[in-house]
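Visitor: My questions all concern the structure below.
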Amino acid sequence: MAYAAGKLAWGACDRCGQRFLLNELKKEWQNLKVCTFCYEAKHPQLEPRRNVSDAIALYEPRPLPDDTFNVFLGLVGGSAFGSNGMIPVPISRPTIAVTYVGNLQVSTS
């Protein structure tokens, strides 16, 4: 549909009601035609939040074969610490397994 240019057409501001040329009125995000004095841009907080999630794991990781790690081996609910009353005391002989990627080596001390 074609519309006339309306270079000399008058219109009223939807917010203050004053008379302005129709081509001077700006359309707001709320579909109001307002003058330049009443124009307010949409606040960024009114935009929907972006869904940004953190990366959790690498896809198909390739660890180095010489990476070692220690694992505590003990009873379920067990701890590497004992207690003497309310004072935590390290257990004299903790059980630790040392392993490498690809093969398992267990040492107890």
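Residue numbers start at 1 in each chain; chains themselves are named A, B, ... in the order of the structure tokens; ligands are numbered from 1 in the order shown.
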Could you list, as a ChimeraX atom specification, every residue within 8 Å of range 21-32 of chain A, counting only C-alpha atoms and ignoring same-chain residues fewer than 3 positions away?
Guide: /A:6-15,35-36,39-42
Visitor: In Å, with one decimal, what is the gap from CA of Ala5 in chain A to CA of Val34 in chain A?
Guide: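 A separation of 18.5 Å between them.
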